[in-house]
file input-v2.cif (mmCIF, C-alpha atoms)
data_data
#
loop_
_atom_site.label_atom_id
_atom_site.label_comp_id
_atom_site.auth_asym_id
_atom_site.auth_seq_id
_atom_site.Cartn_x
_atom_site.Cartn_y
_atom_site.Cartn_z
CA MET F 468 133.62 93.94 95.16
CA LYS F 469 135.24 90.94 93.61
CA GLU F 470 137.81 90.74 96.39
CA LEU F 471 135.10 90.94 99.00
CA SER F 472 133.00 88.26 97.38
CA GLN F 473 135.90 85.89 97.19
CA ALA F 474 136.90 86.59 100.71
CA ASP F 475 133.54 86.31 102.35
CA GLY F 476 132.02 83.29 100.68
CA PRO F 477 128.41 82.88 99.63
CA SER F 478 126.99 85.99 101.21
CA LEU F 479 128.84 88.51 99.13
CA GLU F 480 128.77 86.30 96.09
CA VAL F 481 124.99 86.66 96.18
CA LEU F 482 125.28 90.36 97.05
CA GLU F 483 127.16 90.93 93.84
CA ARG F 484 124.53 89.04 91.86
CA ASP F 485 121.74 91.02 93.53
CA GLN F 486 123.41 94.24 92.51
CA GLU F 487 123.68 92.98 88.96
CA LYS F 488 119.92 92.37 88.97
CA ASP F 489 119.43 96.00 89.84
CA THR F 490 121.72 97.25 87.09
CA GLN F 491 119.74 95.67 84.26
CA PRO F 492 117.02 98.32 83.99
CA ARG F 493 119.68 100.97 84.51
CA ALA F 494 121.29 99.89 81.27
CA VAL F 495 118.14 100.82 79.35
CA VAL F 496 117.90 104.19 81.11
CA GLN F 497 121.51 104.91 80.34
CA ASP F 498 121.08 104.07 76.72
CA ARG F 499 118.28 106.59 76.53
CA LEU F 500 120.23 109.29 78.32
CA VAL F 501 123.29 109.03 76.14
CA GLY F 502 121.09 109.77 73.15
CA ALA F 503 120.42 106.37 71.69
CA SER F 504 117.05 106.13 70.02
CA THR F 505 114.36 104.03 71.68
CA HIS F 506 114.76 101.52 68.92
CA GLU F 507 118.46 101.27 69.51
CA ALA F 508 117.99 101.11 73.24
CA THR F 509 115.53 98.28 73.08
CA HIS F 510 116.41 96.40 69.93
CA GLY F 511 119.98 97.37 69.21
CA ALA F 512 123.13 95.76 70.44
CA ALA F 513 123.63 98.34 73.16
CA ARG F 514 125.60 97.50 76.25
CA GLY F 515 125.10 98.93 79.71
CA SER F 516 127.81 100.61 81.69
CA HIS F 517 128.36 97.44 83.68
CA GLY F 518 129.09 95.39 80.65
CA GLN F 519 125.98 93.26 80.39
CA SER F 520 124.27 93.23 77.03
CA VAL F 521 120.75 94.60 76.78
CA GLU F 522 118.40 91.90 75.55
CA LYS F 523 117.28 92.62 72.05
CA THR F 524 113.60 91.82 72.09
CA VAL F 525 112.49 92.98 75.54
CA ARG F 526 110.45 96.16 75.55
CA PRO F 527 111.40 98.81 78.13
CA ASN F 528 108.04 98.75 79.87
CA LYS F 529 108.10 94.99 80.23
CA ARG F 530 111.65 95.17 81.49
CA ARG F 531 110.65 97.83 83.99
CA LEU F 532 107.71 95.76 85.24
CA THR F 533 110.06 92.92 86.07
CA SER F 534 112.75 95.11 87.62
CA PRO F 535 113.73 94.49 91.28
CA LEU F 536 111.98 97.70 92.28
CA PHE F 537 108.67 96.50 90.88
CA MET F 538 109.23 93.04 92.31
CA VAL F 539 109.52 94.38 95.86
CA GLY F 540 106.47 96.50 95.07
CA TYR F 541 104.54 93.33 94.22
CA PHE F 542 105.87 91.75 97.42
CA ALA F 543 104.57 94.70 99.45
CA VAL F 544 101.21 94.71 97.68
CA LEU F 545 100.90 90.98 98.30
CA ASN F 546 101.63 91.55 102.00
CA VAL F 547 98.82 94.10 102.15
CA ILE F 548 96.43 91.86 100.18
CA MET F 549 97.20 89.02 102.59
CA TYR F 550 96.30 91.30 105.50
CA PHE F 551 93.05 92.37 103.84
CA THR F 552 91.97 88.85 102.89
CA ILE F 553 93.05 86.59 105.76
CA SER F 554 94.03 89.20 108.41
CA LYS F 555 97.61 87.91 108.50
CA PHE F 556 100.88 89.35 107.30
CA TRP F 557 104.30 87.93 106.64
CA ILE F 558 106.28 87.42 109.83
CA GLY F 559 109.88 86.34 110.02
CA GLY F 560 111.61 85.06 113.11
CA SER F 561 108.78 83.80 115.29
CA SER F 562 107.60 81.64 112.44
CA PHE F 563 110.42 79.22 113.18
CA LEU F 564 109.24 78.49 116.73
CA PRO F 565 107.43 75.30 115.60
CA MET F 566 110.93 73.86 115.08
CA ILE F 567 111.25 73.77 118.88
CA GLY F 568 107.67 72.60 119.39
CA MET F 569 105.96 75.94 119.99
CA LEU F 570 102.94 76.28 117.76
CA GLY F 571 101.49 79.47 119.30
CA ASP F 572 97.90 80.44 120.14
CA GLY F 573 95.60 79.03 117.49
CA ASN F 574 98.62 77.53 115.70
CA LYS F 575 99.69 81.00 114.59
CA PHE F 576 103.39 80.11 114.52
CA LEU F 577 102.64 76.90 112.65
CA PHE F 578 100.71 78.92 110.07
CA ALA F 579 103.62 81.37 109.71
CA PHE F 580 106.09 78.48 109.42
CA LEU F 581 104.05 76.97 106.59
CA VAL F 582 103.94 80.37 104.85
CA ASN F 583 107.73 80.31 105.01
CA ILE F 584 107.78 76.87 103.42
CA GLY F 585 105.78 78.54 100.65
CA VAL F 586 108.46 81.25 100.44
CA ILE F 587 111.09 78.55 99.82
CA VAL F 588 108.91 77.00 97.10
CA GLY F 589 108.31 80.43 95.55
CA ALA F 590 112.02 81.25 95.61
CA PHE F 591 112.71 77.90 93.97
CA LEU F 592 110.18 78.69 91.22
CA GLY F 593 111.68 82.13 90.73
CA ALA F 594 115.21 80.76 90.59
CA TYR F 595 114.31 77.83 88.36
CA THR F 596 112.40 79.91 85.83
CA SER F 597 115.15 82.51 85.67
CA GLY F 598 117.89 79.91 85.37
CA GLU F 599 119.46 80.89 88.69
CA PHE F 600 118.79 77.63 90.49
CA ARG F 601 121.99 75.83 91.26
CA LEU F 602 122.55 73.26 93.96
CA ARG F 603 125.42 74.55 96.07
CA TYR F 604 126.86 72.43 98.84
CA PRO F 605 128.25 74.02 101.98
CA ARG F 606 131.95 74.74 101.94
CA LYS F 607 133.93 73.75 105.01
CA ARG F 608 135.10 77.30 105.65
CA ASP F 609 131.49 78.57 105.69
CA LEU F 610 130.18 75.98 108.14
CA ALA F 611 131.31 77.69 111.35
CA LYS F 612 129.91 81.06 110.23
CA ALA F 613 126.64 79.44 109.19
CA MET F 614 126.27 77.63 112.50
CA ILE F 615 127.20 80.55 114.75
CA GLY F 616 125.17 82.96 112.62
CA GLY F 617 122.13 80.67 112.65
CA THR F 618 122.35 80.28 116.43
CA LEU F 619 122.60 84.05 116.94
CA ILE F 620 119.59 84.56 114.65
CA GLY F 621 117.68 81.95 116.65
CA MET F 622 118.51 83.81 119.86
CA GLY F 623 117.69 87.17 118.32
CA VAL F 624 114.25 86.19 117.12
CA THR F 625 113.25 84.89 120.55
CA VAL F 626 114.70 87.50 122.92
CA ALA F 627 112.03 89.89 121.63
CA PRO F 628 109.80 87.91 119.26
CA GLY F 629 108.00 89.31 116.27
CA THR F 630 110.65 91.80 115.30
CA CYS F 631 113.90 91.50 113.31
CA THR F 632 113.41 91.06 109.53
CA THR F 633 109.73 91.56 110.14
CA ALA F 634 110.71 95.01 111.38
CA PHE F 635 111.56 96.16 107.88
CA VAL F 636 108.67 94.68 105.92
CA THR F 637 105.82 94.64 108.43
CA GLY F 638 106.68 96.18 111.80
CA MET F 639 107.91 99.60 110.73
CA PRO F 640 105.06 100.12 108.24
CA MET F 641 102.72 99.15 111.11
CA LEU F 642 104.43 101.92 113.13
CA SER F 643 105.25 99.40 115.82
CA VAL F 644 107.74 100.86 118.31
CA SER F 645 109.33 97.45 118.99
CA SER F 646 110.25 97.17 115.32
CA PHE F 647 111.97 100.56 115.22
CA LEU F 648 114.00 99.54 118.28
CA SER F 649 114.88 96.19 116.74
CA ALA F 650 115.87 97.82 113.46
CA ALA F 651 118.26 100.05 115.41
CA GLY F 652 119.67 96.97 117.14
CA ILE F 653 120.06 95.16 113.81
CA PHE F 654 122.12 98.05 112.43
CA ILE F 655 124.36 98.07 115.50
CA GLY F 656 124.81 94.30 115.59
CA ALA F 657 125.44 93.99 111.86
CA TYR F 658 127.86 96.93 111.94
CA ILE F 659 129.88 95.35 114.72
CA VAL F 660 130.20 92.08 112.82
CA TYR F 661 130.85 93.72 109.44
CA SER F 662 133.49 96.02 110.87
CA HIS F 663 135.26 93.04 112.44
CA THR F 664 135.09 90.90 109.32
CA LEU F 665 135.05 93.14 106.23
CA GLY F 666 136.70 96.12 107.90
CA ARG F 667 139.91 94.24 108.53
CA ARG F 668 140.31 93.24 104.88
CA MET G 230 87.77 80.17 107.94
CA SER G 231 89.05 76.68 108.63
CA PHE G 232 92.72 76.23 109.50
CA GLN G 233 93.27 74.07 106.41
CA LEU G 234 91.94 76.79 104.11
CA LEU G 235 93.96 79.41 105.99
CA VAL G 236 97.12 77.35 105.59
CA THR G 237 96.43 76.73 101.90
CA LEU G 238 96.00 80.44 101.26
CA GLY G 239 99.01 81.19 103.44
CA ILE G 240 101.23 78.83 101.45
CA LEU G 241 100.01 80.38 98.20
CA PHE G 242 100.84 83.84 99.52
CA GLY G 243 104.19 82.46 100.66
CA ILE G 244 104.92 81.18 97.16
CA GLY G 245 104.17 84.66 95.85
CA PHE G 246 106.44 86.27 98.45
CA GLY G 247 109.24 83.85 97.64
CA PHE G 248 108.93 84.39 93.91
CA PHE G 249 109.03 88.18 94.17
CA VAL G 250 111.80 88.19 96.76
CA GLN G 251 113.90 85.93 94.57
CA ARG G 252 113.34 88.06 91.49
CA ALA G 253 114.05 91.24 93.42
CA GLY G 254 117.21 89.83 94.99
CA LEU G 255 115.99 91.08 98.36
CA CYS G 256 118.02 90.27 101.46
CA PHE G 257 118.51 92.69 104.31
CA ALA G 258 121.78 91.08 105.37
CA HIS G 259 123.26 91.88 101.98
CA GLY G 260 121.52 95.23 102.10
CA LEU G 261 123.25 96.15 105.32
CA GLY G 262 126.52 94.99 103.81
CA GLU G 263 125.89 97.27 100.84
CA ILE G 264 125.21 100.19 103.17
CA PHE G 265 128.38 99.59 105.18
CA ILE G 266 130.55 99.51 102.04
CA GLY G 267 128.90 102.68 100.73
CA ARG G 268 126.65 101.12 98.09
CA GLY G 269 123.39 101.31 99.96
CA LYS G 270 121.21 103.04 97.34
CA ARG G 271 119.79 99.78 95.99
CA ILE G 272 118.57 98.39 99.31
CA ILE G 273 117.36 101.78 100.54
CA ARG G 274 115.23 102.19 97.42
CA LEU G 275 113.81 98.68 97.82
CA PHE G 276 113.06 99.32 101.49
CA LEU G 277 111.41 102.66 100.77
CA VAL G 278 109.12 101.07 98.17
CA ILE G 279 108.09 98.39 100.67
CA PHE G 280 107.62 100.97 103.41
CA VAL G 281 105.42 103.34 101.42
CA ILE G 282 103.15 100.64 100.00
CA THR G 283 102.71 98.62 103.18
CA SER G 284 102.37 101.56 105.55
CA ILE G 285 99.60 103.11 103.44
CA GLY G 286 97.99 99.71 102.88
CA PHE G 287 98.01 98.79 106.57
CA LEU G 288 96.65 102.20 107.54
CA LEU G 289 93.83 102.01 104.99
CA SER G 290 92.89 98.49 106.10
CA GLY G 291 91.48 99.98 109.31
CA TYR G 292 89.08 102.15 107.33
CA PHE G 293 87.74 99.20 105.33
CA PHE G 294 87.74 96.64 108.14
CA PRO G 295 87.76 97.98 111.70
CA SER G 296 89.19 94.68 112.98
CA LEU G 297 92.35 95.31 110.96
CA GLY G 298 94.28 98.60 110.96
CA LEU G 299 97.60 99.20 112.68
CA LYS G 300 98.64 96.64 115.28
CA PRO G 301 101.81 96.40 117.35
CA ILE G 302 104.17 93.74 116.06
CA GLY G 303 105.83 91.95 118.95
CA GLN G 304 106.37 93.66 122.25
CA VAL G 305 108.57 96.36 123.69
CA ARG G 306 110.41 94.43 126.40
CA GLY G 307 112.33 95.94 129.28
CA PHE G 308 111.64 99.49 128.06
CA GLY G 309 113.18 98.55 124.72
CA PHE G 310 116.42 97.08 126.05
CA TYR G 311 115.56 93.52 124.99
CA ASN G 312 114.43 94.71 121.56
CA LEU G 313 117.79 96.38 121.04
CA LEU G 314 119.56 93.28 122.32
CA SER G 315 117.41 91.07 120.13
CA GLY G 316 118.18 93.24 117.12
CA MET G 317 121.90 93.21 117.88
CA LEU G 318 122.02 89.41 118.18
CA PHE G 319 119.97 89.07 115.03
CA GLY G 320 122.01 91.70 113.17
CA GLY G 321 125.24 90.01 114.17
CA GLY G 322 123.86 86.64 113.11
CA ILE G 323 122.68 87.75 109.70
CA ALA G 324 125.92 89.60 109.03
CA LEU G 325 127.91 86.52 109.95
CA CYS G 326 126.02 83.98 107.88
CA GLY G 327 125.04 86.37 105.08
CA GLY G 328 121.27 85.99 105.07
CA CYS G 329 118.34 87.51 106.92
CA ILE G 330 115.19 85.44 107.36
CA LEU G 331 113.92 86.30 103.88
CA GLY G 332 117.39 85.88 102.45
CA THR G 333 117.86 82.52 104.14
CA LEU G 334 114.56 81.19 102.80
CA ARG G 335 115.29 82.61 99.38
CA GLN G 336 118.73 81.06 99.20
CA ILE G 337 117.44 77.67 100.28
CA GLY G 338 114.99 77.97 97.39
CA GLU G 339 117.86 78.88 95.09
CA GLY G 340 119.65 75.68 96.05
CA ASN G 341 122.21 77.04 98.51
CA LEU G 342 122.36 74.29 101.11
CA THR G 343 124.56 76.33 103.47
CA PHE G 344 121.40 78.18 104.43
CA LEU G 345 119.66 74.95 105.29
CA ILE G 346 122.34 74.59 107.97
CA VAL G 347 121.71 78.18 109.02
CA MET G 348 118.00 77.42 109.37
CA VAL G 349 118.62 74.25 111.36
CA CYS G 350 120.95 76.21 113.65
CA PHE G 351 118.06 78.51 114.59
CA ILE G 352 116.95 75.60 116.78
CA PRO G 353 119.70 75.71 119.45
CA GLY G 354 119.51 79.52 119.57
CA MET G 355 115.74 79.57 119.97
CA ALA G 356 115.79 76.71 122.48
CA LEU G 357 118.46 78.44 124.57
CA VAL G 358 116.35 81.57 124.93
CA VAL G 359 112.89 80.00 125.15
CA PHE G 360 113.77 77.25 127.62
CA GLY G 361 116.77 78.82 129.32
CA LEU G 362 116.80 82.60 129.38
CA ASN G 363 113.13 83.50 129.04
CA PRO G 364 111.99 81.73 132.23
CA LEU G 365 114.72 83.61 134.11
CA LEU G 366 113.96 86.97 132.54
CA GLU G 367 110.19 86.89 132.31
CA GLY G 368 109.62 88.20 135.83
CA GLY G 369 111.76 91.24 135.10
CA TYR G 370 110.23 92.11 131.76
CA ASN G 371 108.36 95.32 131.39
CA VAL G 372 106.15 94.35 128.45
CA GLN G 373 104.40 96.98 126.37
CA LYS G 374 102.65 96.84 123.05
CA LEU G 375 103.22 100.27 121.62
CA LEU G 376 102.45 101.99 118.37
CA LEU G 377 104.32 105.13 117.36
CA PRO G 378 101.15 107.27 117.08
CA GLY G 379 100.12 106.29 120.60
CA MET G 380 103.55 107.05 121.99
CA LEU G 381 103.77 110.43 120.24
CA GLY G 382 100.13 111.33 120.90
CA VAL G 383 99.55 112.05 117.22
CA ALA G 384 96.83 110.46 115.08
CA ALA G 385 98.04 107.51 113.00
CA PRO G 386 97.19 109.01 109.57
CA TYR G 387 99.41 112.02 110.27
CA VAL G 388 102.33 109.84 111.33
CA THR G 389 101.94 107.50 108.36
CA ALA G 390 101.50 110.39 105.92
CA THR G 391 104.59 112.16 107.26
CA LEU G 392 106.78 109.06 107.15
CA ALA G 393 105.47 107.98 103.74
CA ALA G 394 106.04 111.48 102.34
CA GLY G 395 109.56 111.46 103.79
CA ALA G 396 110.17 108.07 102.19
CA VAL G 397 108.94 109.29 98.79
CA ILE G 398 111.17 112.38 98.96
CA TRP G 399 114.15 110.23 99.95
CA PHE G 400 113.41 107.84 97.08
CA LEU G 401 113.17 110.69 94.56
CA ALA G 402 116.35 112.25 95.89
CA ILE G 403 118.25 108.99 95.40
CA ARG G 404 116.81 108.61 91.91
CA SER G 405 117.64 112.14 90.80
CA ARG G 406 121.18 111.86 92.21
CA LYS G 407 121.58 108.59 90.36
CA ARG G 408 120.39 110.16 87.10
CA ARG G 409 122.70 113.12 87.54
CA SER G 410 125.63 110.80 88.05
CA VAL G 411 124.83 108.87 84.84
#

call {"tool": "encode", "arguments": {"input": "input-v2.cif", "output": "structure tokens"}}
result
Amino acid sequence: MKELSQADGPSLEVLERDQEKDTQPRAVVQDRLVGASTHEATHGAARGSHGQSVEKTVRPNKRRLTSPLFMVGYFAVLNVIMYFTISKFWIGGSSFLPMIGMLGDGNKFLFAFLVNIGVIVGAFLGAYTSGEFRLRYPRKRDLAKAMIGGTLIGMGVTVAPGTCTTAFVTGMPMLSVSSFLSAAGIFIGAYIVYSHTLGRR
Amino acid sequence: MSFQLLVTLGILFGIGFGFFVQRAGLCFAHGLGEIFIGRGKRIIRLFLVIFVITSIGFLLSGYFFPSLGLKPIGQVRGFGFYNLLSGMLFGGGIALCGGCILGTLRQIGEGNLTFLIVMVCFIPGMALVVFGLNPLLEGGYNVQKLLLPGMLGVAAPYVTATLAAGAVIWFLAIRSRKRRSV
């Protein structure tokens, strides 16, 4: 993993950190399974299999409630609550159309764009409160990938609007056929690029 | 509901989404990367949780409010060809720059300015298709708004229940395998 993260710049650097987030609750589970008492698991100086120390004062239930699994659960619940309360749900790609002057019927794309501005603010709050906020400037070697990748994403979200990332969090749960097709396309497209970049290393 | 109120609520929901996504470390571009290098359990579990909760929630919404319920997201264009193409372009793009839409927004919030460039570069891509390709292709589009239950001829609750049950079983299988390997 380390080799990959160094080779592929910010994307895999973050991937590694995301996986670390997921290993934190695992450390508690492992401590229990290897026979440590609950007290030792939660208050002792136990260490998880991945080397990170288990915080001393955090209770297991509290830790579980803030685990990545629960966090995506809250995200999903919030998406459903949003649908129930204002009849809207989170959409991805099409929400950027206001950047080329398309606001949509009844300003629906503008609304979605502003929700995404909220997502940035929320991510900032999450990162700031967890101490993960760090201003990182683009590296020269990442610029070309960022620009080509961004352009391809822009094309992808407009060739068949309302799909793409939305496919995974809204479209597929809505049982929308277009989202299942897009998800298949995403796998193919991502696999082609990954196999040509990571596969060669 | 006035547009201002709608936008205010929308931004508040957005802040919630961003917060949870950041804390979960959710990004489908990284998730696909994890799958391709054989470490896909994390993202699959996250996706299954999202799928089960939202699919049941969206289905139930139709029982509480008839104006809600399941709705097609986007369109099936050219009998699905353009959706596949769209997905492939998008998939290639996110794999290249390392962030899906959620991931891009999240990383901008985390202070990674590379993703601000990614977001700005959506503009030429979108403009190329909207002002260049779409006018050429529109006449040839076969546009359908399809839901899986309609296509299969099976009632929506049965489809949702089957898929949600499959997702739960998959989730439990991953969890038990993980525990066994501990």

call {"tool": "closest_residue", "arguments": {"input": "input-v2.cif", "among": "F:Ile653, F:Met569, F:Ala634, F:Ile558", "to": "chain G", "atoms": "all atoms listed in the file"}}
result
F:Ile653

call {"tool": "resolve_selection", "arguments": {"input": "input-v2.cif", "expression": "the PyMOL selection byres ((chain F and resi 624) around 9)", "output": "list in words"}}
result
Gly559, Gly560, Ser561, Phe563, Leu619, Ile620, Gly621, Met622, Gly623, Thr625, Val626, Ala627, Pro628, Gly629, Thr630 and Cys631 of chain F; Ser315, Gly316, Leu318, Phe319, Phe351, Gly354 and Met355 of chain G

call {"tool": "residues_around", "arguments": {"input": "input-v2.cif", "residues": "Ile567 in chain F", "least_positions_apart": "3", "cutoff": "7 Å", "atoms": "only C-alpha atoms", "output": "PyMOL selection string"}}
result
(chain F and resi 564) or (chain G and resi 352+356)

call {"tool": "atom_distance", "arguments": {"input": "input-v2.cif", "atom1": "CA of Val278 in chain G", "atom2": "CA of Ile584 in chain F"}}
result
24.8 Å

call {"tool": "residues_around", "arguments": {"input": "input-v2.cif", "residues": "range 537-539 of chain F", "least_positions_apart": "5", "cutoff": "8 Å", "atoms": "all atoms listed in the file", "output": "PDB file with C-alpha atoms, in the coordinates of the input"}}
result
ATOM      1  CA  ARG F 531     110.650  97.830  83.990  1.00  0.00           C
ATOM      2  CA  LEU F 532     107.710  95.760  85.240  1.00  0.00           C
TER       3      LEU F 532
ATOM      4  CA  PHE G 249     109.030  88.180  94.170  1.00  0.00           C
ATOM      5  CA  VAL G 250     111.800  88.190  96.760  1.00  0.00           C
ATOM      6  CA  ARG G 252     113.340  88.060  91.490  1.00  0.00           C
ATOM      7  CA  ALA G 253     114.050  91.240  93.420  1.00  0.00           C
ATOM      8  CA  LEU G 255     115.990  91.080  98.360  1.00  0.00           C
ATOM      9  CA  LEU G 275     113.810  98.680  97.820  1.00  0.00           C
ATOM     10  CA  VAL G 278     109.120 101.070  98.170  1.00  0.00           C
ATOM     11  CA  ILE G 279     108.090  98.390 100.670  1.00  0.00           C
TER      12      ILE G 279
END

call {"tool": "resolve_selection", "arguments": {"input": "input-v2.cif", "expression": "the PyMOL selection byres ((chain F and resi 545) around 10)", "output": "VMD selection string"}}
result
(chain F and resid 539 to 544 546 to 551 556 to 557) or (chain G and resid 242 to 243 245 to 246 249 283)

call {"tool": "closest_residue", "arguments": {"input": "input-v2.cif", "among": "F:Leu570, F:Leu536, F:Lys607, F:Thr552", "to": "chain G", "atoms": "only C-alpha atoms"}}
result
F:Leu536

call {"tool": "residues_around", "arguments": {"input": "input-v2.cif", "residues": "range 587-589 of chain F", "least_positions_apart": "5", "cutoff": "12 Å", "atoms": "all atoms listed in the file", "output": "MDAnalysis selection string"}}
result
(chainID F and resid 542 580:582 594:596 600) or (chainID G and resid 240:252 330:341 344:345 348)

call {"tool": "atom_distance", "arguments": {"input": "input-v2.cif", "atom1": "CA of Gly309 in chain G", "atom2": "CA of Ile615 in chain F"}}
result
24.9 Å

call {"tool": "closest_residue", "arguments": {"input": "input-v2.cif", "among": "G:Ala402, G:Val359, G:Val388, G:Cys329", "to": "Gly617 in chain F", "atoms": "only C-alpha atoms"}}
result
G:Cys329

call {"tool": "resolve_selection", "arguments": {"input": "input-v2.cif", "expression": "the PyMOL selection byres ((chain F and resi 641-645) around 9)", "output": "PDB file with C-alpha atoms, keeping the file's coordinate frame"}}
result
ATOM      1  CA  ALA F 627     112.030  89.890 121.630  1.00  0.00           C
ATOM      2  CA  GLY F 629     108.000  89.310 116.270  1.00  0.00           C
ATOM      3  CA  THR F 630     110.650  91.800 115.300  1.00  0.00           C
ATOM      4  CA  ALA F 634     110.710  95.010 111.380  1.00  0.00           C
ATOM      5  CA  THR F 637     105.820  94.640 108.430  1.00  0.00           C
ATOM      6  CA  GLY F 638     106.680  96.180 111.800  1.00  0.00           C
ATOM      7  CA  MET F 639     107.910  99.600 110.730  1.00  0.00           C
ATOM      8  CA  PRO F 640     105.060 100.120 108.240  1.00  0.00           C
ATOM      9  CA  SER F 646     110.250  97.170 115.320  1.00  0.00           C
ATOM     10  CA  PHE F 647     111.970 100.560 115.220  1.00  0.00           C
ATOM     11  CA  LEU F 648     114.000  99.540 118.280  1.00  0.00           C
ATOM     12  CA  SER F 649     114.880  96.190 116.740  1.00  0.00           C
ATOM     13  CA  ALA F 650     115.870  97.820 113.460  1.00  0.00           C
TER      14      ALA F 650
ATOM     15  CA  THR G 283     102.710  98.620 103.180  1.00  0.00           C
ATOM     16  CA  SER G 284     102.370 101.560 105.550  1.00  0.00           C
ATOM     17  CA  PHE G 287      98.010  98.790 106.570  1.00  0.00           C
ATOM     18  CA  LEU G 288      96.650 102.200 107.540  1.00  0.00           C
ATOM     19  CA  GLY G 298      94.280  98.600 110.960  1.00  0.00           C
ATOM     20  CA  LEU G 299      97.600  99.200 112.680  1.00  0.00           C
ATOM     21  CA  LYS G 300      98.640  96.640 115.280  1.00  0.00           C
ATOM     22  CA  PRO G 301     101.810  96.400 117.350  1.00  0.00           C
ATOM     23  CA  ILE G 302     104.170  93.740 116.060  1.00  0.00           C
ATOM     24  CA  GLY G 303     105.830  91.950 118.950  1.00  0.00           C
ATOM     25  CA  GLN G 304     106.370  93.660 122.250  1.00  0.00           C
ATOM     26  CA  VAL G 305     108.570  96.360 123.690  1.00  0.00           C
ATOM     27  CA  ARG G 306     110.410  94.430 126.400  1.00  0.00           C
ATOM     28  CA  GLY G 309     113.180  98.550 124.720  1.00  0.00           C
ATOM     29  CA  ASN G 312     114.430  94.710 121.560  1.00  0.00           C
ATOM     30  CA  LEU G 313     117.790  96.380 121.040  1.00  0.00           C
ATOM     31  CA  GLN G 373     104.400  96.980 126.370  1.00  0.00           C
ATOM     32  CA  LYS G 374     102.650  96.840 123.050  1.00  0.00           C
ATOM     33  CA  LEU G 375     103.220 100.270 121.620  1.00  0.00           C
ATOM     34  CA  LEU G 376     102.450 101.990 118.370  1.00  0.00           C
ATOM     35  CA  LEU G 377     104.320 105.130 117.360  1.00  0.00           C
ATOM     36  CA  PRO G 378     101.150 107.270 117.080  1.00  0.00           C
ATOM     37  CA  MET G 380     103.550 107.050 121.990  1.00  0.00           C
ATOM     38  CA  ALA G 385      98.040 107.510 113.000  1.00  0.00           C
ATOM     39  CA  VAL G 388     102.330 109.840 111.330  1.00  0.00           C
ATOM     40  CA  THR G 389     101.940 107.500 108.360  1.00  0.00           C
TER      41      THR G 389
END

call {"tool": "residues_around", "arguments": {"input": "input-v2.cif", "residues": "Ala258 in chain G", "least_positions_apart": "5", "cutoff": "10 Å", "atoms": "only C-alpha atoms", "output": "PDB file with C-alpha atoms, keeping the file's coordinate frame"}}
result
ATOM      1  CA  SER F 478     126.990  85.990 101.210  1.00  0.00           C
ATOM      2  CA  LEU F 479     128.840  88.510  99.130  1.00  0.00           C
ATOM      3  CA  LEU F 482     125.280  90.360  97.050  1.00  0.00           C
ATOM      4  CA  THR F 632     113.410  91.060 109.530  1.00  0.00           C
ATOM      5  CA  ILE F 653     120.060  95.160 113.810  1.00  0.00           C
ATOM      6  CA  PHE F 654     122.120  98.050 112.430  1.00  0.00           C
ATOM      7  CA  ALA F 657     125.440  93.990 111.860  1.00  0.00           C
TER       8      ALA F 657
ATOM      9  CA  GLU G 263     125.890  97.270 100.840  1.00  0.00           C
ATOM     10  CA  ILE G 264     125.210 100.190 103.170  1.00  0.00           C
ATOM     11  CA  GLY G 320     122.010  91.700 113.170  1.00  0.00           C
ATOM     12  CA  GLY G 321     125.240  90.010 114.170  1.00  0.00           C
ATOM     13  CA  GLY G 322     123.860  86.640 113.110  1.00  0.00           C
ATOM     14  CA  ILE G 323     122.680  87.750 109.700  1.00  0.00           C
ATOM     15  CA  ALA G 324     125.920  89.600 109.030  1.00  0.00           C
ATOM     16  CA  LEU G 325     127.910  86.520 109.950  1.00  0.00           C
ATOM     17  CA  CYS G 326     126.020  83.980 107.880  1.00  0.00           C
ATOM     18  CA  GLY G 327     125.040  86.370 105.080  1.00  0.00           C
ATOM     19  CA  GLY G 328     121.270  85.990 105.070  1.00  0.00           C
ATOM     20  CA  CYS G 329     118.340  87.510 106.920  1.00  0.00           C
ATOM     21  CA  ILE G 330     115.190  85.440 107.360  1.00  0.00           C
ATOM     22  CA  LEU G 331     113.920  86.300 103.880  1.00  0.00           C
ATOM     23  CA  GLY G 332     117.390  85.880 102.450  1.00  0.00           C
ATOM     24  CA  THR G 333     117.860  82.520 104.140  1.00  0.00           C
TER      25      THR G 333
END

call {"tool": "closest_residue", "arguments": {"input": "input-v2.cif", "among": "F:Thr664, F:Val586, F:Arg608, F:Tyr658", "to": "chain G", "atoms": "all atoms listed in the file"}}
result
F:Val586

call {"tool": "closest_residue", "arguments": {"input": "input-v2.cif", "among": "G:His259, G:Ile266, G:Leu234, G:Gly361", "to": "chain F", "atoms": "only C-alpha atoms"}}
result
G:His259

call {"tool": "atom_distance", "arguments": {"input": "input-v2.cif", "atom1": "CA of Tyr370 in chain G", "atom2": "CA of Phe308 in chain G"}}
result
8.4 Å

call {"tool": "closest_residue", "arguments": {"input": "input-v2.cif", "among": "F:Thr633, F:Phe576, F:Ser597, F:Thr533", "to": "Phe257 in chain G", "atoms": "only C-alpha atoms"}}
result
F:Thr633
